[in-house]
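Undergrad: Provided herewith is a single structure, encoded as structure tokens, for subsequent inquiry.
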Amino acid sequence: MKKETWKELPIGTVNIHAGNSVINLTGTWRSGRRPEFIEKNCIQCFFCWLYCPHFAILVNDGKVTGINYDYCTGCGLCAEECPTKEKAIIMVKEEIKLAEGRKK
Amino acid sequence: MKATKILNGNQTIAEAVRQIDPDVIAAYPITPSTAIVETIASFRADGLITGEFVCPESEHSAMSVCIGAASAGGRVMTATCSQGLALMWEMLYIAAGLRLPIVASIVNRALSAPINIHGDHSDTMGARDSGWIQIYSEDCQEAYDNFIQAFRIGEHSDVLTPVMVGLDGFIISHSSEVVHVEDDAAVKKFIGEFKPPYPLLDTSRKFTVGPIDFTDYYFEHKRSQIAGIENSPRVIEEVGKEFGRTFGRAYGFFEEYRTDDAELCIVVMSSAAGTGKDAVDELRAEGKKIGLLKPRVFRPFPHRQIAEALKSMKAVAVLDRSSAPGAFGAPLFTEVRSALYDYEKRPKLVNYVYGLGGRDIKIEHFKEVARKLEKIAATGKVEEMLGYLNLRE
């Protein structure tokens, strides 16, 4: 994306590109672990969806179906908040693939 | 209806607030500006104003409320001084960076330590690079006039910059004077309607206010902010002239008093300029060719105009009611001196710090300065660049 000159920017730090966080793939911040979704344990309480700071819980047809790893930072809040006895989200080790880099 | 009243500085500001009736007023009381906040609160209780009056838990919160309300699209004001302004510090920069034309009346008071409640310019001078426009008032009438103009200046679409209007603690805030209070409707008409470019309450458009900038955008946004205050001199001049056409009292960047044929000049802001003019009258009666220049607008600093006004003088004394420890002179002095640098023919300059913590400055002190200026003009030498007036040495 071409960066604006100071004369082209809207006044007062206003960002007129609503929803442009989508271009910032926060999944690249993940380092060493990631959540894994275990569907059979899920009671569809949506706690993970509510707590996830990056809207990285995938929902289809009103049901949690997994994790969007493009945005998941691996913070572990979803696994921590998952209330089921047998967790529906657990944190697992992840090999860091530095070569993948950031999607353009 | 237009009226002539006996009011002190705090009352004149409150009276202007009543007439302007901003959408939101958020303020925390602090001596000597408490009466502004108290009076506005009573206006609200009596139904004389309709704007929201918020009493937050601190000045930091007061400025935060102002920022939120101005982001929403409201016309917003606050009042504070000294430690209160200091506590607003980080929010001052945010108000300016977000280009929110909040108006603040600042009753100039010394900063601690030692704790002191009296008038000097330490508070606003500390905020001189916060991005706010700064206008200083000599008396109650100017405080009233400047406060009204501040809304027009700050809210102008080319400017959109917050404005602080200074009036000296106690000397102005608590001294009763004759003040011409203009007609309510005429004041409302003069300031007009505020049209914010991105009010958050406008839900028809999608945008974010105040997101984080990294190394890629911060610099551009700061440069864009600077453009706002750079655009303001033209607006300050136009509004000052229009105020004159409307109400009979015109304003510019500064006032010149008996400078026409002057060889010596004293530069001094705010209430002390009144005493200075009396001193100039006495010195003129003795045949001295001396005048006085009273800056009204300190930010943006009218460097070209002040330099043009002073360039032909032989010697100039700049009087500062604040100190800048370790700096090359106090704030007003360094600005004036820099402004004259590009002129091959320029006066000798000397700096005096006066009035810290409300210390009196009298005609005799101006005469002391005048004697020093005569000596500098005669010898062409400034022996001591920085002096202190009415200080026990």
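Following the order of the structure tokens, first chain is A, next is B, and so on, with residues numbered from 1 inside each chain and ligands from 1 in the order they appear.
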Could you make a table, as JSON lines, of the residues of chain A that have an atom within 8 Å of an atom of chain B, each with its nearest atom pair and distance in Å to one decimal, counting only C-alpha atoms, in chain and number order?

TA:
{"residue": "A:Thr5", "atom": "CA", "partner": "B:Glu220", "partner_atom": "CA", "distance": 6.6}
{"residue": "A:Trp6", "atom": "CA", "partner": "B:Glu220", "partner_atom": "CA", "distance": 4.4}
{"residue": "A:Lys7", "atom": "CA", "partner": "B:Ser224", "partner_atom": "CA", "distance": 6.6}
{"residue": "A:Leu9", "atom": "CA", "partner": "B:His221", "partner_atom": "CA", "distance": 7.4}
{"residue": "A:Ile11", "atom": "CA", "partner": "B:Arg99", "partner_atom": "CA", "distance": 7.1}
{"residue": "A:Gly12", "atom": "CA", "partner": "B:Leu98", "partner_atom": "CA", "distance": 4.2}
{"residue": "A:Thr13", "atom": "CA", "partner": "B:Gly210", "partner_atom": "CA", "distance": 5.6}
{"residue": "A:Val14", "atom": "CA", "partner": "B:Val209", "partner_atom": "CA", "distance": 4.7}
{"residue": "A:Asn15", "atom": "CA", "partner": "B:Thr208", "partner_atom": "CA", "distance": 5.0}
{"residue": "A:Ile16", "atom": "CA", "partner": "B:Phe207", "partner_atom": "CA", "distance": 4.5}
{"residue": "A:His17", "atom": "CA", "partner": "B:Phe207", "partner_atom": "CA", "distance": 6.5}
{"residue": "A:Ala18", "atom": "CA", "partner": "B:Phe207", "partner_atom": "CA", "distance": 5.3}

Undergrad: Counting only C-alpha atoms, which residue out of B:Ala285, B:Ile67, B:Ala339, B:Leu7 sits closest to B:Ser176?

TA: B:Leu7

Undergrad: Report as a ChimeraX atom specification all protein, DNA and RNA residues lying within 7 Å of B:Phe53, evaluated on only C-alpha atoms, omitting residues in the same chain fewer than 5 positions from it.

TA: /B:24-26

Undergrad: Running DSSP on the backbone, which parts of chain A land in helix (DSSP H, G or I), as a list in words?

TA: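 Taking chain A and keeping helix (DSSP H, G or I) only, one gets Ile11, Gly12, Thr13, Asn20, Ser21, Val22, Ile23, Thr26, Gly27, Thr28, Trp29, Glu39, Lys40, Asn41, Phe47, Cys48, Trp49, Leu50, Tyr51, Leu77, Cys78, Ala79, Glu80, Glu81, Leu98, Ala99 and Glu100 of chain A.
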
Undergrad: Produce a file of the selected residues containing C-alpha atoms, as an mmCIF file, in the first residue's frame.

TA:
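Output saved as again_17.cif:
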data_model
loop_
_atom_site.group_PDB
_atom_site.id
_atom_site.type_symbol
_atom_site.label_atom_id
_atom_site.label_comp_id
_atom_site.auth_asym_id
_atom_site.auth_seq_id
_atom_site.Cartn_x
_atom_site.Cartn_y
_atom_site.Cartn_z
ATOM 1 C CA ILE A 11 -6.542 15.849 9.666
ATOM 2 C CA GLY A 12 -5.816 14.865 13.255
ATOM 3 C CA THR A 13 -4.554 11.255 12.914
ATOM 4 C CA ASN A 20 -7.753 -1.900 7.789
ATOM 5 C CA SER A 21 -6.403 -3.996 10.690
ATOM 6 C CA VAL A 22 -7.157 -6.916 8.379
ATOM 7 C CA ILE A 23 -3.932 -6.207 6.467
ATOM 8 C CA THR A 26 -0.773 -10.550 13.775
ATOM 9 C CA GLY A 27 -0.261 -14.298 13.405
ATOM 10 C CA THR A 28 3.355 -13.465 12.563
ATOM 11 C CA TRP A 29 3.849 -12.488 16.233
ATOM 12 C CA GLU A 39 -14.199 -30.005 18.418
ATOM 13 C CA LYS A 40 -15.536 -33.007 20.376
ATOM 14 C CA ASN A 41 -14.873 -31.211 23.701
ATOM 15 C CA PHE A 47 -15.753 -17.824 25.819
ATOM 16 C CA CYS A 48 -12.760 -18.199 23.490
ATOM 17 C CA TRP A 49 -14.431 -15.964 20.896
ATOM 18 C CA LEU A 50 -15.237 -13.386 23.578
ATOM 19 C CA TYR A 51 -11.749 -13.295 25.094
ATOM 20 C CA LEU A 77 -6.170 -16.693 26.503
ATOM 21 C CA CYS A 78 -8.641 -18.960 24.678
ATOM 22 C CA ALA A 79 -7.134 -22.134 26.137
ATOM 23 C CA GLU A 80 -6.974 -20.513 29.591
ATOM 24 C CA GLU A 81 -10.620 -19.440 29.491
ATOM 25 C CA LEU A 98 10.909 -17.816 9.736
ATOM 26 C CA ALA A 99 11.030 -18.167 5.982
ATOM 27 C CA GLU A 100 7.243 -17.807 5.681
#

Undergrad: For A:Arg30, please output as a list in words all residues within 12 Å (counting only C-alpha atoms; exclusion window: fewer than 2 positions along the same chain).

TA: Leu25, Thr26, Gly27, Thr28, Gly32, Arg33, Arg34, Pro35, Tyr69, Asp70, Tyr71, Cys72, Thr73, Gly74, Cys75, Gly76, Met91, Val92, Lys93, Glu94, Glu95, Ile96, Lys97, Leu98, Gly101 and Arg102 of chain A

Undergrad: Report the distance between atom CA of B:Ser122 and atom CA of B:Val159 in Å, rounded to one decimal place.

TA: 25.8 Å

Undergrad: Identify, on the basis of only C-alpha atoms, every residue whose closest approach to A:Thr84 does not exceed 10 Å; exclude the query and any residue fewer than 5 positions from it along the same chain; express the result as a PyMOL selection string.

TA: chain A and resi 41-43+45+89

Undergrad: B:Gly291, B:Pro32, B:Gly248, B:Pro101: which is nearest B:Leu264, counting only C-alpha atoms?

TA: B:Gly291

Undergrad: List the neighbours of B:Leu356 out to 12 Å using only C-alpha atoms; skip same-chain residues closer than 6 positions along the sequence, and give me the result as a list in words.

TA: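 Skipping anything fewer than 6 positions along the chain leaves Asn108, Arg109, Ala110, Leu111, Ser112, Ala113, Pro114, Ile115, Asn116, Ile117, His118, Gly119, Asp120, His121, Ser122, Asp123, Asp168, Gly169, Leu319, Asp320, Arg321, Ser322, Ser323, Ala324, Tyr388, Leu389, Asn390 and Leu391 of chain B.
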
Undergrad: Would you put the residues from that selection into a file with N, CA and C atoms, as a CSV table (one decimal), in the first residue's frame?

TA:
chain,number,residue,atom,x,y,z
B,108,ASN,N,-2.8,32.3,34.9
B,108,ASN,CA,-1.3,32.0,35.1
B,108,ASN,C,-0.9,32.1,36.6
B,109,ARG,N,-0.3,31.0,37.0
B,109,ARG,CA,0.2,30.9,38.4
B,109,ARG,C,1.5,30.1,38.4
B,110,ALA,N,2.3,30.4,39.4
B,110,ALA,CA,3.6,29.8,39.6
B,110,ALA,C,3.5,28.3,39.8
B,111,LEU,N,4.6,27.6,39.4
B,111,LEU,CA,4.6,26.2,39.6
B,111,LEU,C,5.4,25.9,40.9
B,112,SER,N,5.1,24.8,41.6
B,112,SER,CA,5.8,24.4,42.7
B,112,SER,C,7.1,23.7,42.2
B,113,ALA,N,8.1,23.5,43.1
B,113,ALA,CA,8.3,24.1,44.4
B,113,ALA,C,9.1,25.3,44.4
B,114,PRO,N,9.0,26.2,45.4
B,114,PRO,CA,8.2,26.1,46.6
B,114,PRO,C,6.7,26.4,46.2
B,115,ILE,N,5.8,25.8,46.9
B,115,ILE,CA,4.4,26.0,46.5
B,115,ILE,C,4.0,27.4,46.7
B,116,ASN,N,3.2,27.9,45.8
B,116,ASN,CA,2.9,29.3,45.7
B,116,ASN,C,1.6,29.4,44.9
B,117,ILE,N,0.7,30.3,45.2
B,117,ILE,CA,-0.5,30.4,44.5
B,117,ILE,C,-0.6,31.6,43.6
B,118,HIS,N,0.5,32.5,43.6
B,118,HIS,CA,0.4,33.7,42.9
B,118,HIS,C,0.8,33.7,41.4
B,119,GLY,N,0.7,34.8,40.8
B,119,GLY,CA,0.8,34.9,39.3
B,119,GLY,C,2.2,34.9,38.8
B,120,ASP,N,2.5,33.9,37.9
B,120,ASP,CA,3.6,34.1,37.0
B,120,ASP,C,3.3,33.2,35.8
B,121,HIS,N,4.2,33.2,34.8
B,121,HIS,CA,3.9,32.5,33.5
B,121,HIS,C,4.5,31.1,33.4
B,122,SER,N,5.0,30.6,34.5
B,122,SER,CA,5.7,29.3,34.5
B,122,SER,C,4.8,28.2,33.9
B,123,ASP,N,3.5,28.2,34.3
B,123,ASP,CA,2.6,27.1,33.8
B,123,ASP,C,2.5,27.1,32.3
B,168,ASP,N,-3.3,36.8,34.2
B,168,ASP,CA,-2.4,36.6,35.4
B,168,ASP,C,-3.2,36.4,36.7
B,169,GLY,N,-2.7,35.4,37.4
B,169,GLY,CA,-3.3,35.0,38.7
B,169,GLY,C,-3.4,36.1,39.7
B,319,LEU,N,11.2,41.3,29.1
B,319,LEU,CA,10.8,41.0,30.4
B,319,LEU,C,10.0,39.7,30.5
B,320,ASP,N,10.6,38.7,31.2
B,320,ASP,CA,9.9,37.4,31.2
B,320,ASP,C,9.4,37.1,32.6
B,321,ARG,N,8.1,36.7,32.7
B,321,ARG,CA,7.6,36.3,34.0
B,321,ARG,C,7.7,34.8,34.2
B,322,SER,N,8.8,34.2,33.8
B,322,SER,CA,9.0,32.8,34.0
B,322,SER,C,10.5,32.6,33.8
B,323,SER,N,11.1,31.6,34.3
B,323,SER,CA,12.5,31.3,34.1
B,323,SER,C,12.6,30.0,33.3
B,324,ALA,N,13.8,29.9,32.6
B,324,ALA,CA,14.1,28.7,31.9
B,324,ALA,C,15.5,28.2,32.3
B,388,TYR,N,17.6,40.1,37.0
B,388,TYR,CA,16.4,39.8,37.8
B,388,TYR,C,15.9,41.1,38.5
B,389,LEU,N,14.6,41.4,38.3
B,389,LEU,CA,14.0,42.6,38.8
B,389,LEU,C,13.3,42.4,40.2
B,390,ASN,N,13.6,43.3,41.0
B,390,ASN,CA,12.9,43.3,42.4
B,390,ASN,C,13.2,42.0,43.1
B,391,LEU,N,14.5,41.6,43.0
B,391,LEU,CA,15.0,40.4,43.7
B,391,LEU,C,16.0,40.9,44.8

Undergrad: When DSSP works through the backbone of this structure, what residues of chain A end up as strand (DSSP E or B), shown as a list in words?

TA: Asn15, Arg33, Arg34, Pro35, Glu36, Phe37, Ile57, Leu58, Val59, Asn60, Lys63, Val64, Thr65, Gly66, Ile67, Ile89, Ile90, Met91, Val92 and Lys93 of chain A

Undergrad: Take the residues from that selection and write them out as a PDB file, in the first residue's frame, keeping N, CA and C atoms.

TA:
ATOM      1  N   ASN A  15      -8.029   7.895  10.837  1.00  0.00           N
ATOM      2  CA  ASN A  15      -7.835   6.825   9.863  1.00  0.00           C
ATOM      3  C   ASN A  15      -9.180   6.550   9.192  1.00  0.00           C
ATOM      4  N   ARG A  33       4.276 -21.443  20.281  1.00  0.00           N
ATOM      5  CA  ARG A  33       3.106 -22.244  20.629  1.00  0.00           C
ATOM      6  C   ARG A  33       1.854 -21.646  19.998  1.00  0.00           C
ATOM      7  N   ARG A  34       0.902 -22.576  19.768  1.00  0.00           N
ATOM      8  CA  ARG A  34      -0.338 -22.118  19.169  1.00  0.00           C
ATOM      9  C   ARG A  34      -1.501 -22.936  19.733  1.00  0.00           C
ATOM     10  N   PRO A  35      -2.706 -22.371  19.701  1.00  0.00           N
ATOM     11  CA  PRO A  35      -3.843 -23.127  20.223  1.00  0.00           C
ATOM     12  C   PRO A  35      -4.316 -24.166  19.196  1.00  0.00           C
ATOM     13  N   GLU A  36      -4.842 -25.245  19.718  1.00  0.00           N
ATOM     14  CA  GLU A  36      -5.414 -26.253  18.826  1.00  0.00           C
ATOM     15  C   GLU A  36      -6.849 -26.507  19.280  1.00  0.00           C
ATOM     16  N   PHE A  37      -7.767 -26.553  18.318  1.00  0.00           N
ATOM     17  CA  PHE A  37      -9.189 -26.702  18.623  1.00  0.00           C
ATOM     18  C   PHE A  37      -9.570 -28.184  18.613  1.00  0.00           C
ATOM     19  N   ILE A  57     -10.866 -16.420  16.481  1.00  0.00           N
ATOM     20  CA  ILE A  57     -11.653 -17.644  16.623  1.00  0.00           C
ATOM     21  C   ILE A  57     -12.613 -17.730  15.430  1.00  0.00           C
ATOM     22  N   LEU A  58     -12.517 -18.806  14.697  1.00  0.00           N
ATOM     23  CA  LEU A  58     -13.358 -18.965  13.501  1.00  0.00           C
ATOM     24  C   LEU A  58     -14.755 -19.439  13.892  1.00  0.00           C
ATOM     25  N   VAL A  59     -15.751 -18.777  13.329  1.00  0.00           N
ATOM     26  CA  VAL A  59     -17.133 -19.146  13.592  1.00  0.00           C
ATOM     27  C   VAL A  59     -17.850 -19.350  12.252  1.00  0.00           C
ATOM     28  N   ASN A  60     -18.514 -20.499  12.127  1.00  0.00           N
ATOM     29  CA  ASN A  60     -19.312 -20.765  10.923  1.00  0.00           C
ATOM     30  C   ASN A  60     -20.688 -21.255  11.341  1.00  0.00           C
ATOM     31  N   LYS A  63     -21.343 -21.530  14.986  1.00  0.00           N
ATOM     32  CA  LYS A  63     -20.561 -22.465  15.800  1.00  0.00           C
ATOM     33  C   LYS A  63     -19.068 -22.180  15.679  1.00  0.00           C
ATOM     34  N   VAL A  64     -18.373 -22.329  16.822  1.00  0.00           N
ATOM     35  CA  VAL A  64     -16.911 -22.210  16.786  1.00  0.00           C
ATOM     36  C   VAL A  64     -16.356 -23.407  16.022  1.00  0.00           C
ATOM     37  N   THR A  65     -15.517 -23.115  15.036  1.00  0.00           N
ATOM     38  CA  THR A  65     -15.013 -24.218  14.204  1.00  0.00           C
ATOM     39  C   THR A  65     -13.485 -24.321  14.185  1.00  0.00           C
ATOM     40  N   GLY A  66     -12.799 -23.354  14.796  1.00  0.00           N
ATOM     41  CA  GLY A  66     -11.337 -23.450  14.778  1.00  0.00           C
ATOM     42  C   GLY A  66     -10.680 -22.113  15.005  1.00  0.00           C
ATOM     43  N   ILE A  67      -9.402 -22.029  14.640  1.00  0.00           N
ATOM     44  CA  ILE A  67      -8.592 -20.839  14.903  1.00  0.00           C
ATOM     45  C   ILE A  67      -8.107 -20.273  13.568  1.00  0.00           C
ATOM     46  N   ILE A  89      -9.747 -26.284  23.760  1.00  0.00           N
ATOM     47  CA  ILE A  89      -8.593 -25.610  23.147  1.00  0.00           C
ATOM     48  C   ILE A  89      -7.375 -25.867  24.029  1.00  0.00           C
ATOM     49  N   ILE A  90      -6.335 -26.400  23.445  1.00  0.00           N
ATOM     50  CA  ILE A  90      -5.089 -26.625  24.198  1.00  0.00           C
ATOM     51  C   ILE A  90      -3.943 -25.952  23.438  1.00  0.00           C
ATOM     52  N   MET A  91      -2.912 -25.569  24.179  1.00  0.00           N
ATOM     53  CA  MET A  91      -1.761 -24.947  23.535  1.00  0.00           C
ATOM     54  C   MET A  91      -0.742 -26.036  23.187  1.00  0.00           C
ATOM     55  N   VAL A  92      -0.285 -25.999  21.961  1.00  0.00           N
ATOM     56  CA  VAL A  92       0.704 -26.997  21.518  1.00  0.00           C
ATOM     57  C   VAL A  92       1.948 -26.285  20.996  1.00  0.00           C
ATOM     58  N   LYS A  93       3.034 -27.033  20.982  1.00  0.00           N
ATOM     59  CA  LYS A  93       4.282 -26.469  20.457  1.00  0.00           C
ATOM     60  C   LYS A  93       4.156 -26.228  18.965  1.00  0.00           C
TER      61      LYS A  93
END
